[in-house]
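Participant: Below is the file work_10.txt, which contains compact mmCIF, C-alpha atoms.
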```txt
# COMPACT_ATOMS: atom_id res chain seq x y z
CA MET Y 1 -154.49 -51.64 -149.04
CA ARG Y 2 -150.99 -50.16 -149.16
CA GLN Y 3 -148.12 -52.55 -148.83
CA ALA Y 4 -145.50 -51.27 -146.43
CA GLY Y 5 -142.90 -53.30 -148.25
CA THR Y 6 -143.46 -51.56 -151.57
CA TYR Y 7 -142.87 -48.14 -150.11
CA SER Y 8 -139.97 -48.94 -147.86
CA GLY Y 9 -138.34 -50.70 -150.79
CA ILE Y 10 -138.49 -47.54 -152.83
CA LEU Y 11 -137.89 -45.16 -150.02
CA SER Y 12 -135.31 -46.88 -147.89
CA GLY Y 13 -132.95 -46.90 -150.82
CA GLY Y 14 -132.79 -43.16 -150.46
CA ILE Y 15 -133.12 -42.98 -146.70
CA SER Y 16 -130.40 -45.50 -145.94
CA GLY Y 17 -127.82 -42.95 -147.02
CA LYS Y 18 -126.86 -40.16 -144.69
CA THR Y 19 -128.84 -37.58 -146.58
CA GLY Y 20 -131.76 -39.62 -147.85
CA PRO Y 21 -133.45 -38.15 -150.89
CA HIS Y 22 -132.11 -34.70 -150.02
CA LEU Y 23 -128.70 -33.58 -151.10
CA LEU Y 24 -127.85 -32.10 -147.74
CA PRO Y 25 -128.04 -33.63 -144.25
CA LEU Y 26 -131.12 -32.38 -142.43
CA ALA Y 27 -129.71 -32.85 -138.93
CA ARG Y 28 -126.71 -30.70 -139.76
CA ILE Y 29 -128.93 -27.99 -141.25
CA LYS Y 30 -131.00 -28.03 -138.09
CA LYS Y 31 -127.85 -27.65 -135.99
CA ILE Y 32 -126.74 -24.63 -137.97
CA MET Y 33 -130.21 -23.11 -137.68
CA LYS Y 34 -130.15 -23.50 -133.91
CA LYS Y 35 -126.79 -21.84 -133.64
CA SER Y 36 -127.98 -18.77 -135.53
CA GLY Y 37 -129.47 -17.23 -132.43
CA ASP Y 38 -130.52 -17.73 -128.83
CA ASP Y 39 -134.12 -17.08 -129.64
CA VAL Y 40 -134.25 -19.92 -132.13
CA LYS Y 41 -135.69 -22.52 -129.87
CA MET Y 42 -138.04 -24.70 -131.81
CA ILE Y 43 -137.78 -25.69 -135.40
CA SER Y 44 -140.48 -27.57 -137.24
CA GLY Y 45 -139.55 -30.80 -138.98
CA GLU Y 46 -140.13 -29.32 -142.39
CA SER Y 47 -137.86 -26.26 -142.04
CA PRO Y 48 -134.61 -28.14 -142.63
CA ILE Y 49 -136.22 -29.73 -145.66
CA VAL Y 50 -137.15 -26.34 -147.09
CA PHE Y 51 -133.63 -25.17 -146.31
CA SER Y 52 -132.02 -28.15 -147.99
CA LYS Y 53 -133.64 -27.03 -151.23
CA ALA Y 54 -132.90 -23.36 -150.59
CA CYS Y 55 -129.24 -24.13 -149.91
CA GLU Y 56 -129.05 -26.13 -153.07
CA LEU Y 57 -130.39 -23.16 -155.04
CA PHE Y 58 -128.00 -20.86 -153.22
CA ILE Y 59 -124.96 -23.00 -153.92
CA LYS Y 60 -125.95 -23.30 -157.55
CA GLU Y 61 -126.38 -19.57 -158.00
CA LEU Y 62 -123.14 -18.65 -156.28
CA THR Y 63 -121.30 -21.35 -158.19
CA GLN Y 64 -122.66 -20.11 -161.49
CA ARG Y 65 -121.62 -16.55 -160.78
CA SER Y 66 -118.22 -17.67 -159.54
CA TRP Y 67 -117.67 -19.71 -162.64
CA SER Y 68 -118.30 -16.65 -164.80
CA VAL Y 69 -115.39 -15.01 -163.04
CA THR Y 70 -113.27 -18.10 -163.61
CA MET Y 71 -114.05 -18.03 -167.30
CA GLN Y 72 -113.26 -14.34 -167.52
CA GLY Y 73 -109.81 -15.22 -166.30
CA LYS Y 74 -109.66 -18.00 -168.92
CA ARG Y 75 -109.16 -20.62 -166.25
CA ARG Y 76 -110.78 -24.00 -165.70
CA THR Y 77 -110.33 -24.20 -161.96
CA LEU Y 78 -112.84 -22.36 -159.82
CA ASN Y 79 -110.93 -20.93 -156.90
CA LYS Y 80 -111.70 -19.06 -153.70
CA GLU Y 81 -111.08 -15.65 -155.20
CA ASP Y 82 -113.66 -16.31 -157.89
CA VAL Y 83 -116.25 -16.99 -155.20
CA ALA Y 84 -115.23 -13.81 -153.38
CA ALA Y 85 -115.47 -11.78 -156.56
CA ALA Y 86 -118.95 -13.14 -157.28
CA VAL Y 87 -120.05 -12.18 -153.77
CA MET Y 88 -118.69 -8.65 -154.20
CA ALA Y 89 -120.49 -8.27 -157.49
CA THR Y 90 -123.90 -9.37 -156.27
CA ASP Y 91 -126.06 -7.18 -154.04
CA LEU Y 92 -128.00 -10.20 -152.88
CA PHE Y 93 -124.85 -11.67 -151.36
CA ASP Y 94 -123.91 -8.57 -149.36
CA PHE Y 95 -124.30 -10.53 -146.14
CA LEU Y 96 -121.29 -12.60 -147.21
CA VAL Y 97 -118.92 -9.72 -147.91
CA ASN Y 98 -117.18 -9.87 -144.55
CA LEU Y 99 -117.00 -13.62 -144.66
CA VAL Y 100 -115.20 -13.84 -148.00
CA SER Y 101 -112.83 -11.00 -147.27
CA GLU Y 102 -111.79 -12.31 -143.87
CA SER Y 103 -111.28 -15.88 -145.04
CA GLY Y 104 -108.38 -14.81 -147.18
CA GLU Y 105 -106.76 -11.86 -148.82
CA ALA Y 106 -109.19 -9.10 -149.66
CA THR Y 107 -109.90 -9.43 -153.33
CA THR Y 108 -109.93 -6.48 -155.64
CA PRO Y 109 -113.32 -6.52 -157.27
CA LEU Y 110 -112.99 -7.00 -160.99
CA GLU Y 111 -114.85 -4.84 -163.43
CA MET Y 112 -118.26 -6.36 -163.23
CA ASP Y 113 -120.14 -4.87 -166.12
CA THR Y 114 -121.30 -8.30 -167.13
CA PHE Y 115 -122.97 -8.87 -163.77
CA LYS Y 116 -126.35 -7.35 -163.49
CA SER Y 117 -127.49 -8.16 -159.99
CA SER Y 118 -131.24 -7.85 -159.57
CA MET E 1 -126.16 -2.94 -144.95
CA ASP E 2 -123.66 -3.22 -142.15
CA GLU E 3 -126.30 -4.11 -139.61
CA ASN E 4 -127.34 -7.07 -141.70
CA VAL E 5 -123.84 -8.42 -141.81
CA ALA E 6 -123.34 -7.87 -138.11
CA ALA E 7 -126.57 -9.60 -137.27
CA SER E 8 -125.82 -12.64 -139.33
CA GLY E 9 -122.20 -12.95 -138.33
CA SER E 10 -122.89 -13.22 -134.65
CA ASN E 11 -120.79 -16.34 -134.24
CA ASP E 12 -117.74 -15.97 -132.05
CA ASP E 13 -115.83 -18.51 -134.09
CA ASP E 14 -114.61 -16.10 -136.74
CA GLY E 15 -111.95 -17.81 -138.73
CA ILE E 16 -112.34 -21.08 -136.88
CA ARG E 17 -114.06 -23.67 -139.07
CA GLU E 18 -116.03 -25.88 -136.73
CA GLN E 19 -116.90 -28.84 -138.86
CA ASP E 20 -120.28 -29.47 -137.32
CA GLN E 21 -121.32 -25.93 -138.18
CA LEU E 22 -120.69 -26.59 -141.83
CA LEU E 23 -122.44 -28.77 -144.35
CA PRO E 24 -120.26 -31.67 -145.54
CA ILE E 25 -117.75 -30.62 -148.15
CA ALA E 26 -118.54 -33.63 -150.34
CA ASN E 27 -122.22 -32.70 -150.59
CA VAL E 28 -121.44 -29.05 -151.24
CA GLY E 29 -118.89 -29.98 -153.89
CA ARG E 30 -121.35 -32.30 -155.60
CA ILE E 31 -123.95 -29.57 -155.94
CA MET E 32 -121.33 -27.15 -157.23
CA LYS E 33 -120.24 -29.66 -159.85
CA GLN E 34 -123.79 -29.87 -161.16
CA MET E 35 -123.47 -26.29 -162.36
CA LEU E 36 -120.13 -26.69 -164.10
CA PRO E 37 -118.94 -28.27 -167.33
CA GLN E 38 -117.41 -31.73 -167.24
CA ASN E 39 -113.81 -30.64 -167.36
CA ALA E 40 -114.14 -27.92 -164.76
CA LYS E 41 -112.20 -28.19 -161.51
CA ILE E 42 -112.95 -26.71 -158.13
CA SER E 43 -110.20 -25.88 -155.68
CA LYS E 44 -110.54 -27.23 -152.16
CA GLU E 45 -110.47 -23.70 -150.81
CA ALA E 46 -113.34 -22.72 -153.06
CA LYS E 47 -115.42 -25.59 -151.65
CA GLU E 48 -114.49 -24.56 -148.13
CA THR E 49 -115.48 -21.00 -148.84
CA MET E 50 -118.78 -22.24 -150.25
CA GLN E 51 -119.35 -24.30 -147.10
CA GLU E 52 -118.92 -21.19 -144.98
CA CYS E 53 -121.17 -19.15 -147.26
CA VAL E 54 -123.97 -21.71 -147.03
CA SER E 55 -123.80 -21.80 -143.24
CA GLU E 56 -123.90 -18.04 -143.19
CA PHE E 57 -126.88 -18.15 -145.53
CA ILE E 58 -128.72 -20.53 -143.22
CA SER E 59 -128.00 -18.36 -140.17
CA PHE E 60 -128.96 -15.20 -141.99
CA VAL E 61 -132.31 -16.53 -143.16
CA THR E 62 -133.06 -18.31 -139.89
CA SER E 63 -132.50 -15.11 -137.90
CA GLU E 64 -135.00 -13.33 -140.10
CA ALA E 65 -137.50 -16.17 -139.81
CA SER E 66 -137.15 -16.38 -136.06
CA ASP E 67 -137.56 -12.60 -135.73
CA LYS E 68 -140.86 -12.89 -137.51
CA CYS E 69 -141.95 -15.72 -135.21
CA ARG E 70 -141.03 -13.72 -132.15
CA LYS E 71 -143.03 -10.73 -133.35
CA GLU E 72 -146.00 -12.98 -133.95
CA ARG E 73 -145.45 -14.68 -130.61
CA ARG E 74 -144.93 -18.09 -132.13
CA LYS E 75 -142.37 -20.51 -130.80
CA THR E 76 -141.71 -22.70 -133.76
CA VAL E 77 -140.02 -21.69 -136.99
CA ASN E 78 -141.84 -23.51 -139.77
CA GLY E 79 -141.42 -23.93 -143.51
CA ASP E 80 -143.62 -20.97 -144.32
CA ASP E 81 -141.47 -18.75 -142.12
CA VAL E 82 -138.37 -19.82 -143.99
CA CYS E 83 -140.06 -19.03 -147.32
CA SER E 84 -141.20 -15.63 -146.09
CA ALA E 85 -137.74 -14.85 -144.75
CA LEU E 86 -136.17 -15.75 -148.08
CA ALA E 87 -138.54 -13.41 -149.88
CA ALA E 88 -137.95 -10.64 -147.34
CA LEU E 89 -134.19 -10.88 -147.75
CA GLY E 90 -134.27 -10.63 -151.52
CA PHE E 91 -134.24 -14.31 -152.40
CA ASP E 92 -137.67 -14.11 -154.02
CA ASP E 93 -136.44 -16.21 -156.91
CA TYR E 94 -136.11 -19.03 -154.42
CA ALA E 95 -139.24 -18.35 -152.41
CA ALA E 96 -141.78 -19.10 -155.13
CA PRO E 97 -140.48 -22.50 -156.27
CA LEU E 98 -139.79 -23.42 -152.65
CA ARG E 99 -143.33 -22.69 -151.61
CA ARG E 100 -144.69 -24.92 -154.34
CA TYR E 101 -142.22 -27.62 -153.39
CA PHE E 102 -143.09 -27.30 -149.74
CA ASN E 103 -146.85 -27.24 -150.32
CA ARG E 104 -146.71 -30.44 -152.33
CA TYR E 105 -144.72 -31.99 -149.53
CA ARG E 106 -147.29 -30.82 -147.01
CA ASP E 107 -150.18 -32.19 -149.04
CA LEU E 108 -148.47 -35.52 -149.28
CA GLY E 109 -147.76 -35.40 -145.58
CA VAL E 110 -151.44 -35.05 -144.77
CA ASP E 111 -152.26 -37.92 -147.07
CA ASN E 112 -149.68 -40.13 -145.48
CA LYS E 113 -150.72 -39.43 -141.93
CA ALA E 114 -153.34 -42.15 -142.01
CA ALA E 115 -150.97 -44.59 -143.67
CA ASN E 116 -148.26 -43.88 -141.13
CA GLN E 117 -150.63 -44.04 -138.19
CA ASP E 118 -150.60 -47.83 -138.11
CA LYS E 119 -146.84 -47.90 -138.38
CA ALA E 120 -146.55 -45.32 -135.62
CA ASN E 121 -148.67 -47.40 -133.30
CA ASN E 122 -146.21 -50.24 -133.51
CA ASP E 123 -142.95 -48.32 -133.64
CA SER E 124 -141.60 -46.10 -130.94
CA ASN E 125 -142.27 -42.61 -132.15
CA SER E 126 -138.98 -40.96 -131.36
CA ASN E 127 -138.02 -37.61 -132.82
CA GLU E 128 -135.70 -39.29 -135.23
CA ASP E 129 -138.49 -41.48 -136.46
CA ARG E 130 -140.61 -38.45 -137.05
CA GLU E 131 -137.87 -36.74 -138.92
CA GLU E 132 -137.31 -39.83 -140.96
CA GLN E 133 -141.01 -39.96 -141.66
CA SER E 134 -140.79 -36.40 -142.90
CA SER E 135 -138.03 -37.52 -145.19
CA LEU E 136 -140.12 -40.46 -146.30
CA LYS E 137 -143.01 -38.19 -147.11
CA PHE E 138 -140.68 -35.84 -148.86
CA SER E 139 -139.28 -38.45 -151.11
CA MET E 140 -142.79 -39.29 -152.20
CA ILE E 141 -142.77 -36.02 -154.12
CA GLY E 142 -140.27 -37.40 -156.55
CA ILE E 143 -142.17 -40.61 -157.03
CA SER E 144 -145.70 -39.34 -157.07
CA LYS E 145 -145.24 -37.21 -160.16
CA ASN E 146 -145.97 -40.11 -162.42
CA SER E 147 -147.67 -42.53 -160.14
CA SER E 148 -151.22 -42.89 -159.04
CA MET E 149 -150.24 -42.12 -155.49
CA ARG E 150 -150.90 -38.44 -155.96
CA PRO E 151 -153.40 -37.12 -153.47
CA ILE E 152 -156.64 -36.12 -155.05
CA ASP E 153 -157.21 -32.44 -154.45
```
Could you write out this structure as structure tokens?
Facilitator:
Amino acid sequence: MRQAGTYSGILSGGISGKTGPHLLPLARIKKIMKKSGDDVKMISGESPIVFSKACELFIKELTQRSWSVTMQGKRRTLNKEDVAAAVMATDLFDFLVNLVSESGEATTPLEMDTFKSS
Amino acid sequence: MDENVAASGSNDDDGIREQDQLLPIANVGRIMKQMLPQNAKISKEAKETMQECVSEFISFVTSEASDKCRKERRKTVNGDDVCSALAALGFDDYAAPLRRYFNRYRDLGVDNKAANQDKANNDSNSNEDREEQSSLKFSMIGISKNSSMRPID
């Protein structure tokens, strides 16, 4: 017979925080999903969970690519332009091109021979 | 390519950073830090840009997923739809590990249904409860790896 106490002891430690065991808040993810279009009406409970992992992977990939740009410039502070440059250099992130160029000065794409986007 | 950008950037708040349309900067920053060496620094603007990029990513993928649902005359966007959308948009490197992740979660969810049934009978089953239960089930994935709580396939 499963003891409710055992589980909630383990689990509530994670749940009591705003994000629980996930790194990103599910309710906020759901809100952003709903705003993406009028025809997004119903979202299953698991979609934000899948997204929380997907976003984590996304952030990690973009960060890694941005950091390469930072290192090329022999700097230790990752700045906005590095992120923009990484977006420009990666086909996969084409959907972000307008976003990074409108949020600041348009960056001149560096020579990106080292980036081989799939 | 332009159509894709236009479709995903359908917000009318260009340039205006509505905080509730962004994931918290602390969480985003934490994940970024995981990829960097100890002595690396991240400018605040870089974190803000990342916040915006993630929101755009969510919108972009959700639009694709919801398109698929509409074509198939389904009302609810589910985890599978998100995985398919990721693959369709070129994020196949994410789709495969996510599917595995999500399937394990789903298996555990089925197993826990009976266990949660008793709890549900006593508690009021609000939406929040259900979402929390999903989180509960999800966190079992981390624990069950080494424990005997794994569902028997």
Participant: Quote the spacing between atom CA of Thr63 of chain Y and atom CA of Met32 of chain E in Å to one decimal place.
Facilitator: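 Going from atom CA of Thr63 of chain Y over to atom CA of Met32 of chain E, I get 5.9 Å.
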Participant: Any idea which chain Y residues end up within 7 Å of chain E if we count all atoms listed in the file, as a PDB file with C-alpha atoms, in the coordinates of the input please?
Facilitator:
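Here's the written file part_31.pdb:
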```pdb
ATOM      1  CA  LEU Y  11    -137.890 -45.160-150.020  1.00  0.00           C
ATOM      2  CA  PRO Y  21    -133.450 -38.150-150.890  1.00  0.00           C
ATOM      3  CA  LEU Y  23    -128.700 -33.580-151.100  1.00  0.00           C
ATOM      4  CA  LEU Y  24    -127.850 -32.100-147.740  1.00  0.00           C
ATOM      5  CA  ARG Y  28    -126.710 -30.700-139.760  1.00  0.00           C
ATOM      6  CA  ILE Y  32    -126.740 -24.630-137.970  1.00  0.00           C
ATOM      7  CA  MET Y  33    -130.210 -23.110-137.680  1.00  0.00           C
ATOM      8  CA  SER Y  36    -127.980 -18.770-135.530  1.00  0.00           C
ATOM      9  CA  GLY Y  37    -129.470 -17.230-132.430  1.00  0.00           C
ATOM     10  CA  VAL Y  40    -134.250 -19.920-132.130  1.00  0.00           C
ATOM     11  CA  MET Y  42    -138.040 -24.700-131.810  1.00  0.00           C
ATOM     12  CA  ILE Y  43    -137.780 -25.690-135.400  1.00  0.00           C
ATOM     13  CA  SER Y  44    -140.480 -27.570-137.240  1.00  0.00           C
ATOM     14  CA  GLY Y  45    -139.550 -30.800-138.980  1.00  0.00           C
ATOM     15  CA  GLU Y  46    -140.130 -29.320-142.390  1.00  0.00           C
ATOM     16  CA  SER Y  47    -137.860 -26.260-142.040  1.00  0.00           C
ATOM     17  CA  VAL Y  50    -137.150 -26.340-147.090  1.00  0.00           C
ATOM     18  CA  ALA Y  54    -132.900 -23.360-150.590  1.00  0.00           C
ATOM     19  CA  CYS Y  55    -129.240 -24.130-149.910  1.00  0.00           C
ATOM     20  CA  GLU Y  56    -129.050 -26.130-153.070  1.00  0.00           C
ATOM     21  CA  ILE Y  59    -124.960 -23.000-153.920  1.00  0.00           C
ATOM     22  CA  LYS Y  60    -125.950 -23.300-157.550  1.00  0.00           C
ATOM     23  CA  THR Y  63    -121.300 -21.350-158.190  1.00  0.00           C
ATOM     24  CA  GLN Y  64    -122.660 -20.110-161.490  1.00  0.00           C
ATOM     25  CA  ARG Y  76    -110.780 -24.000-165.700  1.00  0.00           C
ATOM     26  CA  THR Y  77    -110.330 -24.200-161.960  1.00  0.00           C
ATOM     27  CA  LEU Y  78    -112.840 -22.360-159.820  1.00  0.00           C
ATOM     28  CA  ASN Y  79    -110.930 -20.930-156.900  1.00  0.00           C
ATOM     29  CA  LYS Y  80    -111.700 -19.060-153.700  1.00  0.00           C
ATOM     30  CA  VAL Y  83    -116.250 -16.990-155.200  1.00  0.00           C
ATOM     31  CA  LEU Y  92    -128.000 -10.200-152.880  1.00  0.00           C
ATOM     32  CA  PHE Y  95    -124.300 -10.530-146.140  1.00  0.00           C
ATOM     33  CA  LEU Y  96    -121.290 -12.600-147.210  1.00  0.00           C
ATOM     34  CA  SER Y 103    -111.280 -15.880-145.040  1.00  0.00           C
TER      35      SER Y 103
END
```
Participant: Calculated over all atoms listed in the file, which of the candidates Y:His22, Y:Arg75, Y:Lys35, Y:Arg65 has the smallest distance to Ile49 of chain Y?
Facilitator: Y:His22
Participant: Distance atom CA of Phe93 of chain Y-atom CA of Gly73 of chain Y, one decimal place?
Facilitator: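 Computing it gives 21.5 Å between the two atoms.
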Participant: Would you work out the distance separating atom CA of Lys53 of chain Y from atom CA of Leu26 of chain Y, expressed in Å to one decimal?
Facilitator: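 These atoms are spaced 10.6 Å apart.
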Participant: In terms of the shortest atom-to-atom distance over only C-alpha atoms, which of Y:Phe51, Y:Met71, Y:Glu61, Y:Ala86 is closest to Pro25 of chain Y?
Facilitator: Y:Phe51
